[in-house]
Every structure is written in structure tokens, then in C-alpha cells.
>>> print(open('data.json').read())   # JSON, C-alpha atoms and all ligand atoms
[["chain", "number", "residue", "atom", "x", "y", "z"],
["A", 255, "MET", "CA", -183.73, -67.10, 73.99],
["A", 256, "ALA", "CA", -183.28, -69.54, 71.07],
["A", 257, "LEU", "CA", -183.06, -67.85, 67.71],
["A", 258, "SER", "CA", -185.14, -69.19, 64.85],
["A", 259, "ALA", "CA", -183.98, -69.35, 61.24],
["A", 260, "GLU", "CA", -187.55, -69.54, 59.95],
["A", 261, "ASN", "CA", -188.25, -65.83, 59.52],
["A", 262, "ALA", "CA", -184.65, -64.72, 59.42],
["A", 263, "LEU", "CA", -182.99, -62.82, 56.62],
["A", 264, "PHE", "CA", -181.40, -65.48, 54.38],
["A", 265, "ARG", "CA", -181.98, -67.86, 57.34],
["A", 266, "LYS", "CA", -178.93, -66.15, 58.88],
["A", 267, "TYR", "CA", -179.91, -62.89, 60.58],
["A", 268, "GLU", "CA", -182.84, -62.28, 62.88],
["A", 269, "ILE", "CA", -183.88, -58.67, 62.27],
["A", 270, "GLY", "CA", -184.69, -56.52, 65.31],
["A", 271, "LYS", "CA", -185.43, -52.86, 65.95],
["A", 272, "LEU", "CA", -184.82, -49.95, 63.61],
["A", 273, "LEU", "CA", -181.60, -48.12, 64.55],
["A", 274, "GLY", "CA", -181.69, -45.28, 62.08],
["A", 275, "CYS", "CA", -182.81, -44.02, 58.71],
["A", 276, "GLY", "CA", -180.59, -42.38, 56.16],
["A", 277, "VAL", "CA", -181.00, -40.99, 52.69],
["A", 278, "PHE", "CA", -180.76, -44.39, 51.02],
["A", 279, "ALA", "CA", -181.06, -46.88, 53.78],
["A", 280, "LYS", "CA", -182.81, -48.16, 56.84],
["A", 281, "VAL", "CA", -180.50, -49.67, 59.43],
["A", 282, "TYR", "CA", -181.72, -52.44, 61.76],
["A", 283, "HIS", "CA", -180.22, -54.19, 64.72],
["A", 284, "ALA", "CA", -179.97, -57.92, 63.98],
["A", 285, "ARG", "CA", -178.58, -61.10, 65.44],
["A", 286, "ASP", "CA", -176.40, -63.60, 63.66],
["A", 287, "ILE", "CA", -178.21, -66.89, 64.31],
["A", 288, "SER", "CA", -175.03, -68.99, 64.02],
["A", 289, "ASN", "CA", -173.29, -67.32, 66.97],
["A", 290, "GLY", "CA", -175.77, -64.89, 68.58],
["A", 291, "ARG", "CA", -173.57, -61.89, 67.70],
["A", 292, "SER", "CA", -175.22, -58.47, 67.29],
["A", 293, "VAL", "CA", -174.86, -56.89, 63.86],
["A", 294, "ALA", "CA", -176.35, -53.90, 62.08],
["A", 295, "VAL", "CA", -178.08, -54.56, 58.76],
["A", 296, "LYS", "CA", -178.29, -51.65, 56.36],
["A", 297, "VAL", "CA", -181.11, -52.23, 53.87],
["A", 298, "VAL", "CA", -181.12, -50.38, 50.56],
["A", 299, "SER", "CA", -183.86, -50.66, 47.95],
["A", 300, "LYS", "CA", -182.37, -50.96, 44.49],
["A", 301, "SER", "CA", -185.12, -48.66, 43.25],
["A", 302, "LYS", "CA", -183.62, -45.88, 45.40],
["A", 303, "LEU", "CA", -180.45, -46.24, 43.35],
["A", 304, "ASN", "CA", -182.64, -45.78, 40.25],
["A", 305, "ASN", "CA", -181.26, -49.09, 38.95],
["A", 306, "ASN", "CA", -178.32, -46.94, 37.77],
["A", 307, "VAL", "CA", -175.85, -49.40, 36.20],
["A", 308, "ASN", "CA", -172.80, -47.11, 36.73],
["A", 309, "LEU", "CA", -173.70, -46.63, 40.35],
["A", 310, "MET", "CA", -174.24, -50.38, 40.93],
["A", 311, "ALA", "CA", -170.86, -51.17, 39.36],
["A", 312, "HIS", "CA", -169.20, -48.49, 41.48],
["A", 313, "ILE", "CA", -170.84, -49.83, 44.63],
["A", 314, "LYS", "CA", -169.59, -53.35, 43.84],
["A", 315, "ARG", "CA", -166.02, -52.05, 43.46],
["A", 316, "GLU", "CA", -166.22, -50.09, 46.72],
["A", 317, "ILE", "CA", -167.67, -53.09, 48.55],
["A", 318, "SER", "CA", -164.80, -55.32, 47.50],
["A", 319, "THR", "CA", -162.30, -52.71, 48.73],
["A", 320, "MET", "CA", -164.11, -51.95, 51.95],
["A", 321, "SER", "CA", -164.65, -55.55, 52.96],
["A", 322, "TRP", "CA", -160.85, -55.71, 53.39],
["A", 323, "LEU", "CA", -160.67, -52.78, 55.82],
["A", 324, "ARG", "CA", -159.68, -53.87, 59.31],
["A", 325, "HIS", "CA", -159.10, -51.04, 61.74],
["A", 326, "PRO", "CA", -160.14, -50.62, 65.39],
["A", 327, "TYR", "CA", -161.92, -47.31, 64.64],
["A", 328, "ILE", "CA", -163.67, -48.31, 61.40],
["A", 329, "VAL", "CA", -167.01, -50.15, 61.34],
["A", 330, "LYS", "CA", -166.42, -53.58, 59.79],
["A", 331, "LEU", "CA", -168.41, -54.69, 56.78],
["A", 332, "PHE", "CA", -168.98, -58.43, 57.33],
["A", 333, "GLU", "CA", -170.91, -59.35, 54.22],
["A", 334, "VAL", "CA", -173.28, -58.12, 51.56],
["A", 335, "LEU", "CA", -176.45, -59.99, 50.59],
["A", 336, "ALA", "CA", -178.91, -59.14, 47.86],
["A", 337, "THR", "CA", -182.30, -60.04, 46.48],
["A", 338, "ARG", "CA", -183.84, -58.85, 43.22],
["A", 339, "THR", "CA", -185.05, -55.65, 44.90],
["A", 340, "LYS", "CA", -182.82, -55.03, 47.93],
["A", 341, "ILE", "CA", -179.20, -54.96, 49.06],
["A", 342, "TYR", "CA", -178.30, -55.84, 52.66],
["A", 343, "PHE", "CA", -175.02, -54.65, 54.16],
["A", 344, "VAL", "CA", -174.16, -56.61, 57.29],
["A", 345, "LEU", "CA", -172.05, -54.39, 59.53],
["A", 346, "GLU", "CA", -170.40, -54.55, 62.93],
["A", 347, "PHE", "CA", -173.01, -53.29, 65.44],
["A", 348, "VAL", "CA", -171.88, -50.15, 67.25],
["A", 349, "LYS", "CA", -173.63, -49.74, 70.55],
["A", 350, "GLY", "CA", -172.95, -46.20, 71.77],
["A", 351, "GLY", "CA", -174.91, -44.17, 69.20],
["A", 352, "GLU", "CA", -173.83, -41.21, 67.13],
["A", 353, "LEU", "CA", -171.06, -38.85, 68.23],
["A", 354, "PHE", "CA", -173.36, -36.10, 66.95],
["A", 355, "ALA", "CA", -175.89, -36.84, 69.70],
["A", 356, "LYS", "CA", -173.12, -36.22, 72.24],
["A", 357, "VAL", "CA", -171.88, -33.08, 70.51],
["A", 358, "VAL", "CA", -175.27, -31.37, 70.71],
["A", 359, "LYS", "CA", -175.45, -32.03, 74.46],
["A", 360, "GLY", "CA", -172.47, -29.81, 75.20],
["A", 361, "ARG", "CA", -168.82, -29.07, 74.88],
["A", 362, "PHE", "CA", -166.21, -31.86, 75.17],
["A", 363, "SER", "CA", -163.18, -31.57, 77.42],
["A", 364, "GLU", "CA", -159.88, -30.98, 75.66],
["A", 365, "ASP", "CA", -158.73, -34.54, 76.48],
["A", 366, "LEU", "CA", -161.86, -36.12, 75.06],
["A", 367, "SER", "CA", -161.71, -33.97, 71.91],
["A", 368, "ARG", "CA", -158.07, -34.94, 71.45],
["A", 369, "LYS", "CA", -158.91, -38.63, 71.85],
["A", 370, "TYR", "CA", -161.70, -38.53, 69.22],
["A", 371, "PHE", "CA", -159.53, -36.49, 66.87],
["A", 372, "GLN", "CA", -156.59, -38.90, 67.17],
["A", 373, "GLN", "CA", -158.88, -41.88, 66.55],
["A", 374, "LEU", "CA", -160.44, -40.17, 63.53],
["A", 375, "ILE", "CA", -157.02, -39.31, 62.06],
["A", 376, "SER", "CA", -155.85, -42.86, 62.63],
["A", 377, "ALA", "CA", -158.88, -44.26, 60.73],
["A", 378, "VAL", "CA", -158.66, -41.70, 57.93],
["A", 379, "SER", "CA", -154.93, -42.16, 57.37],
["A", 380, "TYR", "CA", -155.37, -45.96, 57.35],
["A", 381, "CYS", "CA", -157.87, -45.52, 54.49],
["A", 382, "HIS", "CA", -155.82, -42.91, 52.64],
["A", 383, "LEU", "CA", -152.78, -45.19, 52.66],
["A", 384, "ARG", "CA", -154.96, -47.73, 50.86],
["A", 385, "GLY", "CA", -156.24, -45.20, 48.33],
["A", 386, "ILE", "CA", -159.67, -44.81, 49.92],
["A", 387, "SER", "CA", -161.14, -41.41, 50.68],
["A", 388, "HIS", "CA", -164.42, -41.05, 52.52],
["A", 389, "ARG", "CA", -165.93, -37.93, 50.87],
["A", 390, "ASP", "CA", -168.84, -37.93, 53.33],
["A", 391, "SER", "CA", -167.19, -37.23, 56.68],
["A", 392, "LYS", "CA", -169.74, -35.73, 59.03],
["A", 393, "PRO", "CA", -170.66, -36.23, 62.70],
["A", 394, "GLU", "CA", -173.56, -38.57, 61.79],
["A", 395, "ASN", "CA", -171.04, -41.00, 60.25],
["A", 396, "LEU", "CA", -169.08, -41.18, 63.50],
["A", 397, "LEU", "CA", -170.40, -43.66, 66.05],
["A", 398, "LEU", "CA", -169.20, -44.55, 69.54],
["A", 399, "ASP", "CA", -168.70, -48.08, 70.81],
["A", 400, "GLU", "CA", -169.46, -49.32, 74.32],
["A", 401, "ASN", "CA", -165.97, -48.29, 75.45],
["A", 402, "GLY", "CA", -166.38, -44.72, 74.25],
["A", 403, "ASN", "CA", -164.11, -45.23, 71.24],
["A", 404, "LEU", "CA", -164.85, -43.83, 67.81],
["A", 405, "LYS", "CA", -166.14, -46.03, 64.96],
["A", 406, "VAL", "CA", -166.21, -44.46, 61.53],
["A", 407, "LEU", "CA", -169.00, -45.54, 59.16],
["A", 408, "GLU", "CA", -166.75, -45.73, 56.14],
["A", 409, "PHE", "CA", -169.24, -47.13, 53.66],
["A", 410, "SER", "CA", -171.38, -44.23, 52.46],
["A", 411, "LEU", "CA", -173.90, -44.55, 49.65],
["A", 412, "SER", "CA", -174.34, -40.76, 49.61],
["A", 413, "ALA", "CA", -170.65, -40.34, 48.86],
["A", 414, "LEU", "CA", -170.77, -42.99, 46.15],
["A", 415, "THR", "CA", -173.81, -41.44, 44.50],
["A", 416, "ASP", "CA", -172.21, -37.98, 44.49],
["A", 417, "HIS", "CA", -169.03, -39.45, 43.06],
["A", 418, "VAL", "CA", -170.83, -41.26, 40.22],
["A", 419, "GLN", "CA", -172.96, -38.21, 39.43],
["A", 420, "GLN", "CA", -169.86, -35.99, 39.30],
["A", 421, "SER", "CA", -167.94, -38.50, 37.13],
["A", 422, "SER", "CA", -170.78, -38.79, 34.64],
["A", 423, "THR", "CA", -170.97, -35.01, 34.16],
["A", 424, "TYR", "CA", -167.43, -34.91, 32.66],
["A", 501, "LIG", "N1", -173.11, -50.27, 62.32],
["A", 501, "LIG", "C1", -174.02, -49.55, 62.96],
["A", 501, "LIG", "N2", -174.26, -49.74, 64.27],
["A", 501, "LIG", "C2", -175.20, -49.01, 64.92],
["A", 501, "LIG", "N3", -175.96, -48.04, 64.35],
["A", 501, "LIG", "C3", -175.77, -47.81, 63.03],
["A", 501, "LIG", "C4", -174.81, -48.54, 62.28],
["A", 501, "LIG", "N4", -174.84, -48.10, 61.00],
["A", 501, "LIG", "C5", -175.76, -47.13, 60.98],
["A", 501, "LIG", "N5", -176.33, -46.94, 62.17],
["A", 501, "LIG", "C6", -177.38, -45.96, 62.51],
["A", 501, "LIG", "O1", -178.22, -45.73, 61.37],
["A", 501, "LIG", "C7", -178.11, -44.36, 60.95],
["A", 501, "LIG", "C8", -178.19, -44.29, 59.43],
["A", 501, "LIG", "O2", -177.11, -45.00, 58.86],
["A", 501, "LIG", "P1", -176.28, -44.45, 57.65],
["A", 501, "LIG", "O3", -175.69, -43.10, 57.97],
["A", 501, "LIG", "O4", -175.29, -45.50, 57.26],
["A", 501, "LIG", "O5", -177.42, -44.30, 56.56],
["A", 501, "LIG", "P2", -177.40, -43.36, 55.30],
["A", 501, "LIG", "O6", -177.41, -41.90, 55.69],
["A", 501, "LIG", "O7", -178.46, -43.83, 54.35],
["A", 501, "LIG", "O8", -175.99, -43.70, 54.75],
["A", 501, "LIG", "P3", -175.21, -43.22, 53.52],
["A", 501, "LIG", "O9", -174.09, -42.41, 54.09],
["A", 501, "LIG", "O10", -174.78, -44.52, 52.93],
["A", 501, "LIG", "O11", -176.09, -42.42, 52.60],
["A", 501, "LIG", "C9", -176.77, -43.89, 61.50],
["A", 501, "LIG", "O12", -176.70, -42.51, 61.65],
["A", 501, "LIG", "C10", -176.73, -44.63, 62.85],
["A", 501, "LIG", "O13", -177.51, -43.97, 63.82]]
>>> encode(input="data.json", output="C-alpha cells")
Amino acid sequence: MALSAENALFRKYEIGKLLGCGVFAKVYHARDISNGRSVAVKVVSKSKLNNNVNLMAHIKREISTMSWLRHPYIVKLFEVLATRTKIYFVLEFVKGGELFAKVVKGRFSEDLSRKYFQQLISAVSYCHLRGISHRDSKPENLLLDENGNLKVLEFSLSALTDHVQQSSTY
């Protein structure tokens, strides 16, 4: 099916179905019109960030750091777009859903647990070596790709908000 730029986000991304809702964001499946690639677009209303100047500045710093992260088990941040009212984070689309959904279905074998743990440690240590700590590690932030490998959602607005709130109390 040919993709049309007419109703697309910034004439670049055709927005599809809702993938999930978080505290700050709605995440949609989308298609990059230039190459047909699937992406996930995380949409945040600036009003949800209370137009907090400290928080916005912190987010901008984190974005510039995170856009450099390249690791097989970390969800890539491709680009960030913004309008007057909204911010759009264009992310690598991860097909297999949340690890959490699998956890609640039953116990993992020792081999599978070891695999996920090794992949998580590999992603976390990659970030730590670059001075980045996640602060919001939880099963909902761990996705699985189509090959059953882990993909960590490293960019967390909840973590950033907590961090800014804590910093401003000192
Ligand atoms: N790149 C992605 N590919 C596929 N699904 C995704 C992707 N990013 C997010 N999702 C889905 O959307 C849900 C909500 O996303 P996310 O956790 O980033 O929102 P949030 O809770 O508002 O985030 P934050 O941690 O920034 O507060 C996820 O749990 C997941 O199901």
C-alpha cells in the first residue's frame, strides 16, 4: 500500500494504532514514509510536563546523550520532533511486546532467565560506562524483539521528572 504524506506527522510518519499508554505519553505504531520502516512514536503533551523549564532543559540534555546510544539491546531513539504543544520521540519499533506480559504468564526456564539477565546487564553496563543511569528499571521498560531478544526502553520521562524534582528540593 502506498503511503501518503498528506496526513502524516511532519509529512514523514504515518501514524497507526496505539501501542501503549504511560504516565506521560501515548505510544503509537507508525511508518516512516521515506522507506516504509516501522517505528514507534511516543507523544508527550508539553502541558503534562507543566511547562517546567528545568525539566524541559533536562530532557533536552538527556535526548542529546541518548540519541548517541547504539546497543543491540537498547531501543534506538531516531529523532525528536516538536510542535508548540507536543513532543514526538521517534523510536525503533519493538515487535514482541513487554517482557512483563510474559513474566505474568509463568516461570521462565533457567536458560531463558540467564539470557535476559545477560542482555540486561550488557545494556546497563554499556550505559553506565557512558555515565548514564536508567533510574526507572522495571519490567514494563523491557521489551522483546521478534527474535526474543531484550530491548531496554532507556528513555524514561518518569525517571527524568523524579530526578528534576529531587534536584530542585536541595
Ligand atoms: N519502541 C517501542 N516499540 C513498541 N512498543 C513500545 C515502544 N515504546 C513503548 N512501547 C509501548 O508503550 C508502552 C508505554 O511506553 P512508555 O513506558 O515509554 O511510556 P511511559 O510510561 O509514559 O514512559 P516513561 O517511562 O517515559 O514515563 C510500553 O510499555 C510499551 O508497551
>>> residues_near_ligand(input="data.json", ligand="ligand LIG 501 (chain A)", cutoff="8 Å", atoms="only C-alpha atoms and all ligand atoms", output="ChimeraX atom specification")
/A:273-283,293-296,329-330,345-352,390,394-397,407,409-413
>>> closest_residue(input="data.json", among="A:Lys356, A:Lys266, A:Lys405, A:Arg315", to="Ser292 (chain A)", atoms="only C-alpha atoms")
A:Lys266
>>> atom_distance(input="data.json", atom1="CA of Phe354 (chain A)", atom2="CA of Val406 (chain A)")
12.3 Å
>>> atom_distance(input="data.json", atom1="CA of Glu364 (chain A)", atom2="CA of Asp399 (chain A)")
19.8 Å
>>> atom_distance(input="data.json", atom1="CA of Ala262 (chain A)", atom2="CA of Lys300 (chain A)")
20.4 Å
>>> residues_around(input="data.json", residues="Ala377 (chain A)", least_positions_apart="2", cutoff="7 Å", atoms="only C-alpha atoms", output="NGL selection string")
:A and (325 or 327-328 or 373-375 or 379-381)
